[in-house]
Each structure stands twice: as C-alpha cells, then as structure tokens.
file work_22.pdb (PDB, C-alpha atoms)
ATOM      1  CA  MET A   1      -8.495   4.033 -24.593  1.00  0.00           C
ATOM      2  CA  ALA A   2      -6.563   1.697 -22.331  1.00  0.00           C
ATOM      3  CA  LYS A   3      -2.914   0.975 -23.112  1.00  0.00           C
ATOM      4  CA  GLN A   4      -0.887  -1.830 -21.582  1.00  0.00           C
ATOM      5  CA  TYR A   5       2.830  -1.867 -20.806  1.00  0.00           C
ATOM      6  CA  GLU A   6       5.268  -4.538 -19.669  1.00  0.00           C
ATOM      7  CA  LYS A   7       7.093  -2.053 -17.448  1.00  0.00           C
ATOM      8  CA  LEU A   8       6.945   1.496 -16.129  1.00  0.00           C
ATOM      9  CA  SER A   9       8.325   4.190 -18.395  1.00  0.00           C
ATOM     10  CA  PRO A  10      10.030   7.294 -16.955  1.00  0.00           C
ATOM     11  CA  GLU A  11       6.772   9.205 -17.628  1.00  0.00           C
ATOM     12  CA  LEU A  12       4.690   6.688 -15.677  1.00  0.00           C
ATOM     13  CA  ILE A  13       7.182   6.746 -12.801  1.00  0.00           C
ATOM     14  CA  GLU A  14       6.947  10.544 -12.718  1.00  0.00           C
ATOM     15  CA  PHE A  15       3.142  10.285 -12.674  1.00  0.00           C
ATOM     16  CA  ILE A  16       3.308   7.880  -9.693  1.00  0.00           C
ATOM     17  CA  GLN A  17       5.707  10.125  -7.775  1.00  0.00           C
ATOM     18  CA  TYR A  18       3.364  13.108  -8.193  1.00  0.00           C
ATOM     19  CA  GLN A  19       0.297  11.383  -6.693  1.00  0.00           C
ATOM     20  CA  LYS A  20      -0.742  12.040  -3.088  1.00  0.00           C
ATOM     21  CA  ILE A  21      -2.983   8.958  -2.813  1.00  0.00           C
ATOM     22  CA  PHE A  22      -3.113   5.483  -4.297  1.00  0.00           C
ATOM     23  CA  PHE A  23      -5.434   2.513  -3.882  1.00  0.00           C
ATOM     24  CA  VAL A  24      -4.477  -1.098  -3.174  1.00  0.00           C
ATOM     25  CA  GLY A  25      -6.688  -4.061  -4.075  1.00  0.00           C
ATOM     26  CA  THR A  26      -6.194  -7.609  -2.751  1.00  0.00           C
ATOM     27  CA  ALA A  27      -8.244 -10.743  -2.197  1.00  0.00           C
ATOM     28  CA  ALA A  28      -7.711 -14.094  -0.537  1.00  0.00           C
ATOM     29  CA  ASN A  29      -8.847 -17.244  -2.335  1.00  0.00           C
ATOM     30  CA  ASP A  30     -12.318 -16.813  -0.835  1.00  0.00           C
ATOM     31  CA  GLY A  31     -14.035 -14.117   1.162  1.00  0.00           C
ATOM     32  CA  THR A  32     -13.970 -10.369   1.121  1.00  0.00           C
ATOM     33  CA  ILE A  33     -12.134  -8.357  -1.531  1.00  0.00           C
ATOM     34  CA  ASN A  34     -10.325  -5.350  -0.065  1.00  0.00           C
ATOM     35  CA  VAL A  35      -9.616  -1.964  -1.647  1.00  0.00           C
ATOM     36  CA  SER A  36      -7.711   0.425   0.572  1.00  0.00           C
ATOM     37  CA  PRO A  37      -6.588   4.047   0.072  1.00  0.00           C
ATOM     38  CA  LYS A  38      -2.984   4.852   0.972  1.00  0.00           C
ATOM     39  CA  GLY A  39      -1.398   8.234   1.555  1.00  0.00           C
ATOM     40  CA  PHE A  40       1.558   9.873   3.258  1.00  0.00           C
ATOM     41  CA  ASP A  41       5.039   9.528   1.761  1.00  0.00           C
ATOM     42  CA  SER A  42       4.724   5.751   1.663  1.00  0.00           C
ATOM     43  CA  LEU A  43       5.691   4.521  -1.808  1.00  0.00           C
ATOM     44  CA  ARG A  44       8.971   4.157  -3.688  1.00  0.00           C
ATOM     45  CA  VAL A  45       9.506   2.992  -7.249  1.00  0.00           C
ATOM     46  CA  LEU A  46      12.551   0.703  -7.198  1.00  0.00           C
ATOM     47  CA  GLY A  47      12.679   0.077 -10.946  1.00  0.00           C
ATOM     48  CA  PRO A  48      10.500  -0.332 -14.021  1.00  0.00           C
ATOM     49  CA  ASN A  49       8.943  -3.537 -12.616  1.00  0.00           C
ATOM     50  CA  ARG A  50       9.192  -3.130  -8.867  1.00  0.00           C
ATOM     51  CA  LEU A  51       7.999  -0.844  -6.108  1.00  0.00           C
ATOM     52  CA  VAL A  52       7.639  -0.929  -2.351  1.00  0.00           C
ATOM     53  CA  TRP A  53       5.181   0.778  -0.071  1.00  0.00           C
ATOM     54  CA  LEU A  54       5.204   1.267   3.650  1.00  0.00           C
ATOM     55  CA  ASN A  55       2.082  -0.158   5.254  1.00  0.00           C
ATOM     56  CA  ILE A  56       1.385   1.714   8.482  1.00  0.00           C
ATOM     57  CA  THR A  57      -1.115   0.646  11.118  1.00  0.00           C
ATOM     58  CA  GLY A  58      -4.765   0.869  10.209  1.00  0.00           C
ATOM     59  CA  SER A  59      -8.061  -0.381  11.528  1.00  0.00           C
ATOM     60  CA  GLY A  60      -7.507  -3.718   9.792  1.00  0.00           C
ATOM     61  CA  ASN A  61      -4.697  -5.635   8.145  1.00  0.00           C
ATOM     62  CA  GLU A  62      -6.416  -7.181   5.134  1.00  0.00           C
ATOM     63  CA  THR A  63      -3.500  -6.803   2.728  1.00  0.00           C
ATOM     64  CA  ALA A  64      -1.098  -8.876   4.824  1.00  0.00           C
ATOM     65  CA  ALA A  65      -3.689 -11.608   5.381  1.00  0.00           C
ATOM     66  CA  HIS A  66      -4.608 -11.795   1.711  1.00  0.00           C
ATOM     67  CA  LEU A  67      -1.003 -11.916   0.532  1.00  0.00           C
ATOM     68  CA  LEU A  68      -0.342 -14.993   2.674  1.00  0.00           C
ATOM     69  CA  GLN A  69      -2.965 -16.859   0.646  1.00  0.00           C
ATOM     70  CA  ASN A  70      -2.921 -15.169  -2.723  1.00  0.00           C
ATOM     71  CA  ASN A  71      -0.130 -12.779  -3.639  1.00  0.00           C
ATOM     72  CA  ARG A  72      -1.951 -11.013  -6.482  1.00  0.00           C
ATOM     73  CA  MET A  73      -2.338  -7.261  -6.038  1.00  0.00           C
ATOM     74  CA  THR A  74      -3.545  -4.274  -8.023  1.00  0.00           C
ATOM     75  CA  ILE A  75      -2.415  -0.731  -7.260  1.00  0.00           C
ATOM     76  CA  MET A  76      -4.314   2.180  -8.820  1.00  0.00           C
ATOM     77  CA  PHE A  77      -3.364   5.830  -9.174  1.00  0.00           C
ATOM     78  CA  CYS A  78      -5.727   8.583 -10.437  1.00  0.00           C
ATOM     79  CA  ALA A  79      -4.963  12.111 -11.553  1.00  0.00           C
ATOM     80  CA  PHE A  80      -7.133  14.416  -9.453  1.00  0.00           C
ATOM     81  CA  ASP A  81      -5.596  17.524 -11.034  1.00  0.00           C
ATOM     82  CA  GLY A  82      -3.920  18.271 -14.337  1.00  0.00           C
ATOM     83  CA  LYS A  83      -4.456  15.972 -17.314  1.00  0.00           C
ATOM     84  CA  PRO A  84      -6.815  13.048 -16.673  1.00  0.00           C
ATOM     85  CA  LYS A  85      -5.223   9.627 -16.260  1.00  0.00           C
ATOM     86  CA  ILE A  86      -5.692   6.364 -14.396  1.00  0.00           C
ATOM     87  CA  LEU A  87      -2.763   3.999 -13.941  1.00  0.00           C
ATOM     88  CA  ARG A  88      -3.269   0.448 -12.715  1.00  0.00           C
ATOM     89  CA  LEU A  89      -0.370  -1.808 -11.791  1.00  0.00           C
ATOM     90  CA  TYR A  90      -0.954  -5.555 -11.737  1.00  0.00           C
ATOM     91  CA  GLY A  91       1.421  -7.990 -10.137  1.00  0.00           C
ATOM     92  CA  GLN A  92       2.467 -10.054  -7.179  1.00  0.00           C
ATOM     93  CA  ALA A  93       3.395  -8.832  -3.719  1.00  0.00           C
ATOM     94  CA  ARG A  94       4.831  -9.977  -0.441  1.00  0.00           C
ATOM     95  CA  ALA A  95       4.541  -8.432   3.014  1.00  0.00           C
ATOM     96  CA  ILE A  96       7.859  -7.878   4.821  1.00  0.00           C
ATOM     97  CA  HIS A  97       7.587  -7.595   8.636  1.00  0.00           C
ATOM     98  CA  PRO A  98      10.097  -5.913  10.995  1.00  0.00           C
ATOM     99  CA  ARG A  99      11.439  -9.316  12.107  1.00  0.00           C
ATOM    100  CA  GLU A 100      12.417 -10.342   8.549  1.00  0.00           C
ATOM    101  CA  LYS A 101      15.925  -9.971   7.141  1.00  0.00           C
ATOM    102  CA  GLU A 102      14.754  -7.722   4.241  1.00  0.00           C
ATOM    103  CA  TRP A 103      13.287  -5.096   6.597  1.00  0.00           C
ATOM    104  CA  PRO A 104      16.454  -2.934   6.878  1.00  0.00           C
ATOM    105  CA  GLU A 105      16.767  -2.789   3.058  1.00  0.00           C
ATOM    106  CA  PHE A 106      13.400  -1.019   2.847  1.00  0.00           C
ATOM    107  CA  ASP A 107      13.520   0.790   6.179  1.00  0.00           C
ATOM    108  CA  VAL A 108      16.307   3.144   5.027  1.00  0.00           C
ATOM    109  CA  MET A 109      14.112   4.388   2.148  1.00  0.00           C
ATOM    110  CA  PHE A 110      11.471   5.978   4.374  1.00  0.00           C
ATOM    111  CA  LYS A 111      11.230   8.407   7.245  1.00  0.00           C
ATOM    112  CA  PRO A 112      10.800   6.304  10.414  1.00  0.00           C
ATOM    113  CA  HIS A 113       7.162   5.782  11.329  1.00  0.00           C
ATOM    114  CA  PRO A 114       6.184   4.463  14.777  1.00  0.00           C
ATOM    115  CA  THR A 115       3.339   2.356  13.369  1.00  0.00           C
ATOM    116  CA  ALA A 116       5.244   0.777  10.472  1.00  0.00           C
ATOM    117  CA  ARG A 117       3.965  -2.802  10.404  1.00  0.00           C
ATOM    118  CA  GLN A 118       4.928  -4.080   6.946  1.00  0.00           C
ATOM    119  CA  TYR A 119       6.617  -3.136   3.740  1.00  0.00           C
ATOM    120  CA  VAL A 120       4.895  -4.522   0.686  1.00  0.00           C
ATOM    121  CA  ASP A 121       7.359  -5.548  -2.025  1.00  0.00           C
ATOM    122  CA  PHE A 122       5.442  -5.455  -5.314  1.00  0.00           C
ATOM    123  CA  ALA A 123       6.595  -7.033  -8.589  1.00  0.00           C
ATOM    124  CA  ILE A 124       4.847  -5.330 -11.508  1.00  0.00           C
ATOM    125  CA  GLU A 125       3.766  -7.731 -14.258  1.00  0.00           C
ATOM    126  CA  MET A 126       1.683  -5.249 -16.253  1.00  0.00           C
ATOM    127  CA  ALA A 127       0.849  -1.557 -16.179  1.00  0.00           C
ATOM    128  CA  GLN A 128      -2.278  -0.176 -17.802  1.00  0.00           C
ATOM    129  CA  THR A 129      -3.291   3.414 -18.384  1.00  0.00           C
ATOM    130  CA  SER A 130      -6.800   4.600 -19.152  1.00  0.00           C
ATOM    131  CA  CYS A 131      -8.367   7.978 -19.817  1.00  0.00           C
ATOM    132  CA  GLY A 132      -9.589   9.030 -16.366  1.00  0.00           C
ATOM    133  CA  PHE A 133     -12.195  11.341 -17.897  1.00  0.00           C
ATOM    134  CA  GLY A 134     -14.712  10.377 -15.182  1.00  0.00           C
ATOM    135  CA  VAL A 135     -12.358  11.212 -12.290  1.00  0.00           C
ATOM    136  CA  PRO A 136     -13.327  14.601 -10.821  1.00  0.00           C
ATOM    137  CA  PHE A 137     -10.901  17.376  -9.930  1.00  0.00           C
ATOM    138  CA  TYR A 138      -9.837  17.491  -6.287  1.00  0.00           C
ATOM    139  CA  ASP A 139      -7.327  19.817  -4.679  1.00  0.00           C
ATOM    140  CA  PHE A 140      -4.794  18.456  -2.198  1.00  0.00           C
ATOM    141  CA  LYS A 141      -4.975  20.563   0.937  1.00  0.00           C
ATOM    142  CA  GLU A 142      -2.670  18.822   3.434  1.00  0.00           C
ATOM    143  CA  GLU A 143      -1.973  15.548   5.175  1.00  0.00           C
ATOM    144  CA  ARG A 144      -4.220  14.792   8.140  1.00  0.00           C
ATOM    145  CA  ASP A 145      -2.683  14.955  11.604  1.00  0.00           C
ATOM    146  CA  ASN A 146      -5.050  12.403  13.160  1.00  0.00           C
ATOM    147  CA  MET A 147      -2.449   9.620  12.938  1.00  0.00           C
ATOM    148  CA  ASP A 148       0.125  11.678  14.866  1.00  0.00           C
ATOM    149  CA  GLU A 149      -2.423  12.391  17.597  1.00  0.00           C
ATOM    150  CA  TRP A 150      -3.442   8.720  17.747  1.00  0.00           C
ATOM    151  CA  ILE A 151       0.209   7.587  17.995  1.00  0.00           C
ATOM    152  CA  ALA A 152       0.937  10.057  20.800  1.00  0.00           C
ATOM    153  CA  ALA A 153      -2.068   8.824  22.760  1.00  0.00           C
ATOM    154  CA  LYS A 154      -1.269   5.114  22.264  1.00  0.00           C
ATOM    155  CA  GLY A 155       2.493   5.061  22.734  1.00  0.00           C
ATOM    156  CA  GLU A 156       4.707   2.175  21.595  1.00  0.00           C
ATOM    157  CA  GLU A 157       3.151  -0.399  23.931  1.00  0.00           C
ATOM    158  CA  GLY A 158      -0.344   0.744  23.002  1.00  0.00           C
ATOM    159  CA  ILE A 159       0.396   0.299  19.300  1.00  0.00           C
ATOM    160  CA  GLU A 160       1.586  -3.280  19.847  1.00  0.00           C
ATOM    161  CA  ASN A 161      -1.542  -3.982  21.899  1.00  0.00           C
ATOM    162  CA  TYR A 162      -3.626  -2.525  19.069  1.00  0.00           C
ATOM    163  CA  TRP A 163      -1.906  -4.887  16.612  1.00  0.00           C
ATOM    164  CA  ARG A 164      -2.676  -7.773  18.964  1.00  0.00           C
ATOM    165  CA  GLU A 165      -6.355  -6.778  19.244  1.00  0.00           C
ATOM    166  CA  LYS A 166      -7.152  -5.432  15.759  1.00  0.00           C
ATOM    167  CA  ASN A 167      -4.480  -6.494  13.233  1.00  0.00           C
ATOM    168  CA  GLN A 168      -3.827 -10.234  13.799  1.00  0.00           C
ATOM    169  CA  VAL A 169      -6.676 -11.518  11.627  1.00  0.00           C
ATOM    170  CA  SER A 170      -8.573 -10.220   8.624  1.00  0.00           C
ATOM    171  CA  ILE A 171     -12.302  -9.555   8.675  1.00  0.00           C
ATOM    172  CA  ASP A 172     -12.677 -13.083   7.255  1.00  0.00           C
ATOM    173  CA  GLY A 173     -10.612 -14.563  10.115  1.00  0.00           C
ATOM    174  CA  LEU A 174      -7.396 -15.109   8.111  1.00  0.00           C
ATOM    175  CA  PRO A 175      -4.070 -14.696   9.965  1.00  0.00           C
ATOM    176  CA  THR A 176      -1.858 -11.703   9.147  1.00  0.00           C
ATOM    177  CA  LYS A 177       1.292 -12.890  10.979  1.00  0.00           C
ATOM    178  CA  ILE A 178       1.907  -9.332  12.173  1.00  0.00           C
ATOM    179  CA  LEU A 179       3.298 -10.615  15.477  1.00  0.00           C
ATOM    180  CA  GLY A 180       4.972 -13.731  14.085  1.00  0.00           C
ATOM    181  CA  ASP A 181       3.658 -17.203  13.424  1.00  0.00           C
ATOM    182  CA  ASP A 182       0.367 -16.410  15.178  1.00  0.00           C
TER     183      ASP A 182
END

call {"tool": "encode", "arguments": {"input": "work_22.pdb", "output": "structure tokens"}}
result
Amino acid sequence: MAKQYEKLSPELIEFIQYQKIFFVGTAANDGTINVSPKGFDSLRVLGPNRLVWLNITGSGNETAAHLLQNNRMTIMFCAFDGKPKILRLYGQARAIHPREKEWPEFDVMFKPHPTARQYVDFAIEMAQTSCGFGVPFYDFKEERDNMDEWIAAKGEEGIENYWREKNQVSIDGLPTKILGDD
C-alpha cells in the first residue's frame, strides 16, 4: 500500500543514504521522457524537503535539457536487499553548472570528480513509499572502474570536447547549456 508524505522522515533519509543506485525521471514539454540510473557517491540529503545530486558526464545530458523547459523531476529508490521498499520523490529541480555562483556551495559536499558537469538541486514536494514486493534481490558487488579508465584516456581537454560533441543538446535537440548560453 502506497503512503504519501509531505517531507522525508529520519527513517526515509536513512533508507536513501543506504542505497547504491537511484533513478531520475524527467521530461520536457514535448518529446522523449528520460529515466536514468545514477550511482557512485553522488547524492546528499540537505533537509526533509531538499536534496542535491552530482551529475557526472554521461552519454547524453537529458536531465539538464529537460529542466530548462520543465523543472518537474521524480527520483526513485528501490531496496534490492533487506526489507522490500520503493521510495519515490516528486518535486522541482534546477541544474547548477560550474560557472554559477551556487556551485561552490555544493562542490564542498562531494569528492572532486573530473567530469562533474552539474549539480541538481531538488526541492521535494511529496514523498511516496510503496511495497516493493516485485523488486528482486540483487547484491552490490562494487563500483565499476570504467569511468576512471575513460577519464584517464580523455583528459581534461578531451572531456570538454566530449561535452561539446555529445552533451550540448538532448536527443530531441533541446539545449543543455552545459557550456554556457549555447
């Protein structure tokens, strides 16, 4: 049975902090809906109605593009071990780029990452839990090292070139503003 909350309780915050993966859903006004898995140590709960996550470089940049048009976002966590539970957070978000004045406020919360492209500041309007009985058990083995290898091969200049080539527009052609006012 689903239960809805106006804010995160200490128990829900603890549940979030335990998870190794979460999923982010966004959509522009029209076009493709995006759901993206996120891992690493990339999320911080800032309070009962606010969190931030570090968005590192990926093959696309759908979240940033969507948020420029429509700031609605859903974040979902699932228990893959222990007691079953799904937690969905509904709210509004904003992408913060390295050139913006808020960047240092968030940057001190995370270990430096050479492909950090945005922080996503998320205001939680509603939290909802559901049973999670259909979510299978999975064991966390370890973080992948592919990103570290990719970063070493690209270098700082290569990463910026990658942003220029792959992260400036969404798959629907919407701007992401990763390099400024594109």

call {"tool": "resolve_selection", "arguments": {"input": "work_22.pdb", "expression": "the PyMOL selection byres ((chain A and resi 88) around 12)", "output": "PyMOL selection string"}}
result
chain A and resi 2-5+7-8+12+15-16+22-25+73-79+85-87+89-91+124-132

call {"tool": "closest_residue", "arguments": {"input": "work_22.pdb", "among": "A:Arg164, A:Ile178, A:Asp107, A:Ile56", "to": "Ile151 of chain A", "atoms": "all atoms listed in the file"}}
result
A:Ile56

call {"tool": "resolve_selection", "arguments": {"input": "work_22.pdb", "expression": "the PyMOL selection byres ((chain A and resi 146-150) around 10)", "output": "PyMOL selection string"}}
result
chain A and resi 56-58+113-115+143-145+151-155+159

call {"tool": "resolve_selection", "arguments": {"input": "work_22.pdb", "expression": "the PyMOL selection byres ((chain A and resi 64-70) around 10)", "output": "number ranges by chain"}}
result
A: 25-34, 55, 60-63, 71-73, 92-97, 117-120, 167-178

call {"tool": "residues_around", "arguments": {"input": "work_22.pdb", "residues": "Tyr138 of chain A", "least_positions_apart": "5", "cutoff": "12 Å", "atoms": "all atoms listed in the file", "output": "PDB file with C-alpha atoms, keeping the file's coordinate frame"}}
result
ATOM      1  CA  GLN A  19       0.297  11.383  -6.693  1.00  0.00           C
ATOM      2  CA  LYS A  20      -0.742  12.040  -3.088  1.00  0.00           C
ATOM      3  CA  ILE A  21      -2.983   8.958  -2.813  1.00  0.00           C
ATOM      4  CA  CYS A  78      -5.727   8.583 -10.437  1.00  0.00           C
ATOM      5  CA  ALA A  79      -4.963  12.111 -11.553  1.00  0.00           C
ATOM      6  CA  PHE A  80      -7.133  14.416  -9.453  1.00  0.00           C
ATOM      7  CA  ASP A  81      -5.596  17.524 -11.034  1.00  0.00           C
ATOM      8  CA  GLY A  82      -3.920  18.271 -14.337  1.00  0.00           C
ATOM      9  CA  PRO A  84      -6.815  13.048 -16.673  1.00  0.00           C
TER      10      PRO A  84
END

call {"tool": "atom_distance", "arguments": {"input": "work_22.pdb", "atom1": "atom CA of Phe122 of chain A", "atom2": "atom CA of Ser59 of chain A"}}
result
22.2 Å

call {"tool": "build_atoms", "arguments": {"input": "work_22.pdb", "residues": "segment 138-157 of chain A", "atoms": "N, CA and C atoms", "output": "short mmCIF file (atom, residue, chain, number, x, y, z; two decimals), keeping the file's coordinate frame"}}
result
data_model
loop_
_atom_site.label_atom_id
_atom_site.label_comp_id
_atom_site.auth_asym_id
_atom_site.auth_seq_id
_atom_site.Cartn_x
_atom_site.Cartn_y
_atom_site.Cartn_z
N TYR A 138 -9.92 17.28 -7.73
CA TYR A 138 -9.84 17.49 -6.29
C TYR A 138 -8.52 18.19 -6.01
N ASP A 139 -8.54 19.12 -5.06
CA ASP A 139 -7.33 19.82 -4.68
C ASP A 139 -6.77 19.21 -3.40
N PHE A 140 -5.46 18.94 -3.40
CA PHE A 140 -4.79 18.46 -2.20
C PHE A 140 -4.62 19.64 -1.26
N LYS A 141 -5.09 19.49 -0.04
CA LYS A 141 -4.97 20.56 0.94
C LYS A 141 -3.78 20.31 1.85
N GLU A 142 -3.77 19.18 2.54
CA GLU A 142 -2.67 18.82 3.43
C GLU A 142 -2.90 17.41 3.95
N GLU A 143 -1.85 16.84 4.51
CA GLU A 143 -1.97 15.55 5.18
C GLU A 143 -2.77 15.75 6.46
N ARG A 144 -3.49 14.75 6.87
CA ARG A 144 -4.22 14.79 8.14
C ARG A 144 -3.24 14.58 9.29
N ASP A 145 -3.54 15.15 10.44
CA ASP A 145 -2.68 14.96 11.60
C ASP A 145 -3.29 13.97 12.61
N ASN A 146 -4.39 13.35 12.25
CA ASN A 146 -5.05 12.40 13.16
C ASN A 146 -4.12 11.25 13.56
N MET A 147 -3.34 10.74 12.64
CA MET A 147 -2.45 9.62 12.94
C MET A 147 -1.43 10.02 14.00
N ASP A 148 -0.85 11.22 13.87
CA ASP A 148 0.12 11.68 14.87
C ASP A 148 -0.50 11.77 16.25
N GLU A 149 -1.72 12.28 16.32
CA GLU A 149 -2.42 12.39 17.60
C GLU A 149 -2.71 11.01 18.17
N TRP A 150 -3.13 10.08 17.32
CA TRP A 150 -3.44 8.72 17.75
C TRP A 150 -2.19 8.03 18.28
N ILE A 151 -1.06 8.19 17.58
CA ILE A 151 0.21 7.59 18.00
C ILE A 151 0.63 8.13 19.36
N ALA A 152 0.54 9.44 19.53
CA ALA A 152 0.94 10.06 20.80
C ALA A 152 0.09 9.53 21.96
N ALA A 153 -1.18 9.33 21.71
CA ALA A 153 -2.07 8.82 22.76
C ALA A 153 -1.81 7.35 23.08
N LYS A 154 -1.48 6.56 22.07
CA LYS A 154 -1.27 5.11 22.26
C LYS A 154 0.10 4.79 22.86
N GLY A 155 1.14 5.42 22.34
CA GLY A 155 2.49 5.06 22.73
C GLY A 155 2.90 3.73 22.11
N GLU A 156 4.18 3.38 22.23
CA GLU A 156 4.71 2.17 21.60
C GLU A 156 4.00 0.90 22.08
N GLU A 157 3.82 0.79 23.38
CA GLU A 157 3.15 -0.40 23.93
C GLU A 157 1.69 -0.46 23.48
#
